[in-house]
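Notes to accompany the following structure.
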Amino acid sequence: MRRTKPFLLGSASVATAALLLALTPQLSAGADEGSGATGRDARAAAPEGSPVAENGRLAVCDTTLCNQQGQAVQLNGMSSHGTQWYEQCLTDGSLDALAQDWEADVLRVSTYVQEGGYETDPEGFTALAQRVVDQAIERGMYAVIDWHMLSPGDPNANTGLAKRFFTDMATRYADQPNVFYEIANEPNGVGWGAVKSYAEEIIPVIRQHDPDGVVLVGTRAWSSFGVSDGSDEREVIDNPVDADNIMYTFHFYAASHGDEYLQTLSRAADELPVFVTEFGTQNYAGEGANDFAMSQRYLDLMEEKGISWTNWNFSDDHRSGAVFKEGTCNGGAWTGTGVLKEAGVWIRERIKE
């Protein structure tokens, strides 16, 4: 079973990683029964040989992620679709398949804020997100807690809701090594300054409860480092978020986003810690024909630079970007390629490599 991929890291970065991880409180199998909401130490509970069992709590070191041994790792996995629509695709059977048949390291759990999501039932959608994150923990996978704001594009429009959600999530998972906090899916229609100020307001809310969890910060113009609005990664490099142990997100869709986006990702990853929390092999709407050649160029770059990624999306939506054939989530078969669309077959093979 393939596990999180190690790759070579320069000596200066190794030293940085060792320092960061030495300062991270070690998790013990004898953790207090009442700590956290799950009442157990997830690293000790993770199945033998699973990503979390082998790597423990991750931390940002230089421009990448490192495990508790100070080794750089790259996570590969899937993003859920919006849980308000596709909760039925996130079952014990489907997540067994993701962890064991696909050999994925990470699941991104997408809680939409609008579009019939969190704002309509905060308690219900928090419980749903926690149920799925717990399922990932039980299987020894990492989980990205995705605050899926999209419209309105200004993350500050939902600051109050975000504080409530991340207080609940960080309180529950403070002692878990599995989780990442993605605080703004795709900021759009606002400048980098507005996104940065939002991040600097939300991150302390998380840190109050979980000082060691990695925070993922969305970038401007649909998490494109501004390139979708004619800018580039320099706006973040020259004015970074004032916080430690964070990464910046980048999204792409291979049939729509060609060399300009690819080169932006390459340059950004040389100077910033980047996590590609969403990408597809289709156009930017997750529809149309798959461009596997361009997708492979992105995957090759991400492997070269140790950029972790999750693919959109783990559902049976009618669009070509959903990995399962329509109707799969109403049945009980999840493993193998017979239940998968063309994009699903392709991305499963890449995760298993």
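We label chains A, B, ... in the order they appear in the structure tokens, count residues from 1 in each chain, and number ligands from 1 in the order shown.
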
Taking only residues of region 101-166 of chain A that have an atom at most 10 Å from an atom of region 173-193 of chain A, what is each one's shortest atom pair and its distance in Å to one decimal, using only C-alpha atoms, in chain and number order, as JSON lines?
```
{"residue": "A:Val106", "atom": "CA", "partner": "A:Asn178", "partner_atom": "CA", "distance": 9.0}
{"residue": "A:Leu107", "atom": "CA", "partner": "A:Val179", "partner_atom": "CA", "distance": 9.8}
{"residue": "A:Arg108", "atom": "CA", "partner": "A:Phe180", "partner_atom": "CA", "distance": 9.0}
{"residue": "A:Val109", "atom": "CA", "partner": "A:Glu182", "partner_atom": "CA", "distance": 9.7}
{"residue": "A:Ser110", "atom": "CA", "partner": "A:Asn185", "partner_atom": "CA", "distance": 8.9}
{"residue": "A:Thr111", "atom": "CA", "partner": "A:Asn185", "partner_atom": "CA", "distance": 9.7}
{"residue": "A:Tyr112", "atom": "CA", "partner": "A:Asn185", "partner_atom": "CA", "distance": 9.1}
{"residue": "A:Gln130", "atom": "CA", "partner": "A:Tyr173", "partner_atom": "CA", "distance": 9.2}
{"residue": "A:Val133", "atom": "CA", "partner": "A:Val179", "partner_atom": "CA", "distance": 8.1}
{"residue": "A:Asp134", "atom": "CA", "partner": "A:Tyr173", "partner_atom": "CA", "distance": 9.5}
{"residue": "A:Ala136", "atom": "CA", "partner": "A:Asn178", "partner_atom": "CA", "distance": 8.5}
{"residue": "A:Ile137", "atom": "CA", "partner": "A:Asn178", "partner_atom": "CA", "distance": 6.5}
{"residue": "A:Gly140", "atom": "CA", "partner": "A:Asn178", "partner_atom": "CA", "distance": 7.9}
{"residue": "A:Met141", "atom": "CA", "partner": "A:Asn178", "partner_atom": "CA", "distance": 6.9}
{"residue": "A:Tyr142", "atom": "CA", "partner": "A:Asn178", "partner_atom": "CA", "distance": 4.5}
{"residue": "A:Ala143", "atom": "CA", "partner": "A:Val179", "partner_atom": "CA", "distance": 4.9}
{"residue": "A:Val144", "atom": "CA", "partner": "A:Phe180", "partner_atom": "CA", "distance": 4.6}
{"residue": "A:Ile145", "atom": "CA", "partner": "A:Tyr181", "partner_atom": "CA", "distance": 5.0}
{"residue": "A:Asp146", "atom": "CA", "partner": "A:Glu182", "partner_atom": "CA", "distance": 4.8}
{"residue": "A:Trp147", "atom": "CA", "partner": "A:Ile183", "partner_atom": "CA", "distance": 5.4}
{"residue": "A:His148", "atom": "CA", "partner": "A:Asn185", "partner_atom": "CA", "distance": 4.8}
{"residue": "A:Met149", "atom": "CA", "partner": "A:Asn185", "partner_atom": "CA", "distance": 5.4}
{"residue": "A:Leu150", "atom": "CA", "partner": "A:Glu186", "partner_atom": "CA", "distance": 5.6}
{"residue": "A:Ser151", "atom": "CA", "partner": "A:Asn188", "partner_atom": "CA", "distance": 8.3}
{"residue": "A:Pro152", "atom": "CA", "partner": "A:Asn188", "partner_atom": "CA", "distance": 8.0}
{"residue": "A:Gly153", "atom": "CA", "partner": "A:Asn188", "partner_atom": "CA", "distance": 4.4}
{"residue": "A:Asp154", "atom": "CA", "partner": "A:Pro187", "partner_atom": "CA", "distance": 5.8}
{"residue": "A:Pro155", "atom": "CA", "partner": "A:Pro187", "partner_atom": "CA", "distance": 6.2}
{"residue": "A:Asn156", "atom": "CA", "partner": "A:Pro187", "partner_atom": "CA", "distance": 9.6}
{"residue": "A:Asn158", "atom": "CA", "partner": "A:Ala184", "partner_atom": "CA", "distance": 9.8}
{"residue": "A:Ala162", "atom": "CA", "partner": "A:Ile183", "partner_atom": "CA", "distance": 7.7}
{"residue": "A:Lys163", "atom": "CA", "partner": "A:Ile183", "partner_atom": "CA", "distance": 9.8}
{"residue": "A:Phe165", "atom": "CA", "partner": "A:Ile183", "partner_atom": "CA", "distance": 9.9}
{"residue": "A:Phe166", "atom": "CA", "partner": "A:Tyr181", "partner_atom": "CA", "distance": 8.0}
```

Q) So which bits of region 188-306 of chain A end up alpha helix (DSSP H) when you DSSP the backbone, as a VMD selection string? A) chain A and resid 192 to 209 220 to 223 234 to 237 259 to 271 292 to 305

With N, CA and C atoms kept, could you save the residues just selected as a short mmCIF file (atom, residue, chain, number, x, y, z; two decimals), in the first residue's frame?
```cif
data_model
loop_
_atom_site.label_atom_id
_atom_site.label_comp_id
_atom_site.auth_asym_id
_atom_site.auth_seq_id
_atom_site.Cartn_x
_atom_site.Cartn_y
_atom_site.Cartn_z
N TRP A 192 -6.04 41.20 -2.64
CA TRP A 192 -5.31 40.35 -1.72
C TRP A 192 -5.35 40.91 -0.29
N GLY A 193 -5.37 42.23 -0.15
CA GLY A 193 -5.39 42.82 1.18
C GLY A 193 -6.61 42.40 1.98
N ALA A 194 -7.76 42.28 1.32
CA ALA A 194 -8.98 41.85 2.01
C ALA A 194 -8.89 40.39 2.43
N VAL A 195 -8.29 39.56 1.58
CA VAL A 195 -8.12 38.14 1.91
C VAL A 195 -7.14 37.98 3.06
N LYS A 196 -6.06 38.73 3.00
CA LYS A 196 -5.03 38.67 4.05
C LYS A 196 -5.59 39.10 5.40
N SER A 197 -6.36 40.18 5.43
CA SER A 197 -6.90 40.65 6.71
C SER A 197 -7.89 39.65 7.29
N TYR A 198 -8.66 39.02 6.43
CA TYR A 198 -9.57 37.95 6.88
C TYR A 198 -8.77 36.81 7.50
N ALA A 199 -7.73 36.37 6.82
CA ALA A 199 -6.90 35.27 7.34
C ALA A 199 -6.32 35.62 8.71
N GLU A 200 -5.87 36.85 8.85
CA GLU A 200 -5.24 37.25 10.11
C GLU A 200 -6.26 37.45 11.23
N GLU A 201 -7.55 37.47 10.87
CA GLU A 201 -8.60 37.50 11.90
C GLU A 201 -9.05 36.08 12.27
N ILE A 202 -9.05 35.17 11.30
CA ILE A 202 -9.55 33.81 11.55
C ILE A 202 -8.48 32.91 12.14
N ILE A 203 -7.24 33.03 11.71
CA ILE A 203 -6.19 32.13 12.19
C ILE A 203 -6.05 32.16 13.71
N PRO A 204 -6.06 33.32 14.37
CA PRO A 204 -5.98 33.30 15.84
C PRO A 204 -7.15 32.57 16.51
N VAL A 205 -8.31 32.54 15.88
CA VAL A 205 -9.44 31.80 16.43
C VAL A 205 -9.11 30.31 16.46
N ILE A 206 -8.50 29.82 15.39
CA ILE A 206 -8.08 28.41 15.33
C ILE A 206 -6.96 28.15 16.31
N ARG A 207 -5.97 29.03 16.32
CA ARG A 207 -4.78 28.84 17.16
C ARG A 207 -5.12 28.84 18.65
N GLN A 208 -6.18 29.53 19.03
CA GLN A 208 -6.60 29.56 20.44
C GLN A 208 -6.90 28.15 20.94
N HIS A 209 -7.38 27.30 20.05
CA HIS A 209 -7.77 25.94 20.43
C HIS A 209 -6.79 24.89 19.91
N ARG A 220 -6.16 35.04 -3.93
CA ARG A 220 -7.11 35.88 -4.67
C ARG A 220 -7.45 35.29 -6.04
N ALA A 221 -8.64 35.66 -6.52
CA ALA A 221 -9.10 35.29 -7.86
C ALA A 221 -9.26 33.77 -7.99
N TRP A 222 -10.12 33.22 -7.12
CA TRP A 222 -10.46 31.80 -7.13
C TRP A 222 -9.25 30.92 -6.83
N SER A 223 -8.46 31.36 -5.86
CA SER A 223 -7.24 30.63 -5.44
C SER A 223 -6.32 30.36 -6.62
N ARG A 234 3.43 37.39 -6.83
CA ARG A 234 4.24 38.40 -6.12
C ARG A 234 3.43 39.13 -5.07
N GLU A 235 2.11 39.28 -5.28
CA GLU A 235 1.32 40.01 -4.29
C GLU A 235 1.30 39.28 -2.95
N VAL A 236 1.40 37.96 -2.97
CA VAL A 236 1.45 37.19 -1.73
C VAL A 236 2.87 37.13 -1.19
N ILE A 237 3.83 36.91 -2.06
CA ILE A 237 5.24 36.85 -1.64
C ILE A 237 5.67 38.16 -0.99
N ASP A 259 -0.44 27.04 -19.68
CA ASP A 259 0.93 27.29 -19.26
C ASP A 259 1.08 28.46 -18.29
N GLU A 260 0.28 29.51 -18.46
CA GLU A 260 0.41 30.67 -17.56
C GLU A 260 0.14 30.25 -16.11
N TYR A 261 -0.88 29.44 -15.92
CA TYR A 261 -1.22 28.96 -14.58
C TYR A 261 -0.18 27.97 -14.07
N LEU A 262 0.26 27.10 -14.95
CA LEU A 262 1.28 26.11 -14.56
C LEU A 262 2.55 26.80 -14.10
N GLN A 263 2.98 27.82 -14.84
CA GLN A 263 4.21 28.53 -14.47
C GLN A 263 4.01 29.36 -13.20
N THR A 264 2.81 29.88 -12.99
CA THR A 264 2.52 30.59 -11.74
C THR A 264 2.68 29.64 -10.56
N LEU A 265 2.12 28.45 -10.67
CA LEU A 265 2.25 27.46 -9.60
C LEU A 265 3.71 27.11 -9.38
N SER A 266 4.45 26.93 -10.44
CA SER A 266 5.86 26.56 -10.31
C SER A 266 6.65 27.64 -9.59
N ARG A 267 6.47 28.89 -9.99
CA ARG A 267 7.20 29.99 -9.35
C ARG A 267 6.79 30.15 -7.90
N ALA A 268 5.48 30.10 -7.65
CA ALA A 268 4.98 30.29 -6.28
C ALA A 268 5.54 29.24 -5.34
N ALA A 269 5.59 27.99 -5.81
CA ALA A 269 6.04 26.89 -4.95
C ALA A 269 7.52 26.97 -4.63
N ASP A 270 8.27 27.76 -5.38
CA ASP A 270 9.69 27.96 -5.07
C ASP A 270 9.89 28.90 -3.90
N GLU A 271 8.86 29.70 -3.59
CA GLU A 271 9.02 30.71 -2.55
C GLU A 271 7.99 30.63 -1.43
N PHE A 292 -6.06 15.16 -20.16
CA PHE A 292 -5.15 14.38 -19.34
C PHE A 292 -3.69 14.74 -19.58
N ALA A 293 -3.36 15.21 -20.78
CA ALA A 293 -1.97 15.58 -21.06
C ALA A 293 -1.56 16.78 -20.21
N MET A 294 -2.40 17.82 -20.17
CA MET A 294 -2.09 19.00 -19.36
C MET A 294 -2.16 18.64 -17.88
N SER A 295 -3.11 17.81 -17.51
CA SER A 295 -3.22 17.38 -16.11
C SER A 295 -1.94 16.68 -15.67
N GLN A 296 -1.38 15.85 -16.54
CA GLN A 296 -0.17 15.13 -16.18
C GLN A 296 1.00 16.08 -16.01
N ARG A 297 1.04 17.14 -16.80
CA ARG A 297 2.10 18.13 -16.62
C ARG A 297 2.01 18.77 -15.23
N TYR A 298 0.81 19.08 -14.81
CA TYR A 298 0.62 19.61 -13.46
C TYR A 298 1.06 18.59 -12.40
N LEU A 299 0.63 17.34 -12.56
CA LEU A 299 0.99 16.33 -11.58
C LEU A 299 2.49 16.10 -11.52
N ASP A 300 3.15 16.14 -12.67
CA ASP A 300 4.61 15.98 -12.69
C ASP A 300 5.28 17.12 -11.94
N LEU A 301 4.79 18.34 -12.15
CA LEU A 301 5.35 19.50 -11.45
C LEU A 301 5.12 19.37 -9.95
N MET A 302 3.90 18.97 -9.55
CA MET A 302 3.60 18.87 -8.13
C MET A 302 4.43 17.77 -7.46
N GLU A 303 4.68 16.68 -8.17
CA GLU A 303 5.54 15.65 -7.60
C GLU A 303 6.97 16.15 -7.47
N GLU A 304 7.45 16.85 -8.48
CA GLU A 304 8.82 17.39 -8.45
C GLU A 304 9.02 18.33 -7.27
N LYS A 305 8.03 19.14 -6.98
CA LYS A 305 8.17 20.17 -5.95
C LYS A 305 7.51 19.79 -4.63
#
```

Q | Distance criterion (only C-alpha atoms): nearest to Gly336 (chain A) out of A:Gln69, A:Thr83, A:Gln100, A:Thr167 | A |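 Looking only at the distances to Gly336 (chain A), the closest residue turns out to be A:Gln100.
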
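Minimum atom-to-atom distances from A:Asp244, A:Glu349, A:Glu233, A:Glu138 to Pro211 (chain A) were compared using only C-alpha atoms, and the lowest value belongs to A:Asp244.
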
Q | Residue with smallest distance to Leu340 (chain A) - pool A:Thr219, A:Gln74, A:Ser315, A:Gln88, counting only C-alpha atoms | A |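 That would be A:Ser315, the residue with the smallest distance to Leu340 (chain A).
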
Q: Write out as number ranges by chain all residues of region 92-291 of chain A that DSSP puts in strand (DSSP E) for this structure's backbone.
A: A: 106-112, 142-148, 179-182, 214-217, 246-253, 274-280
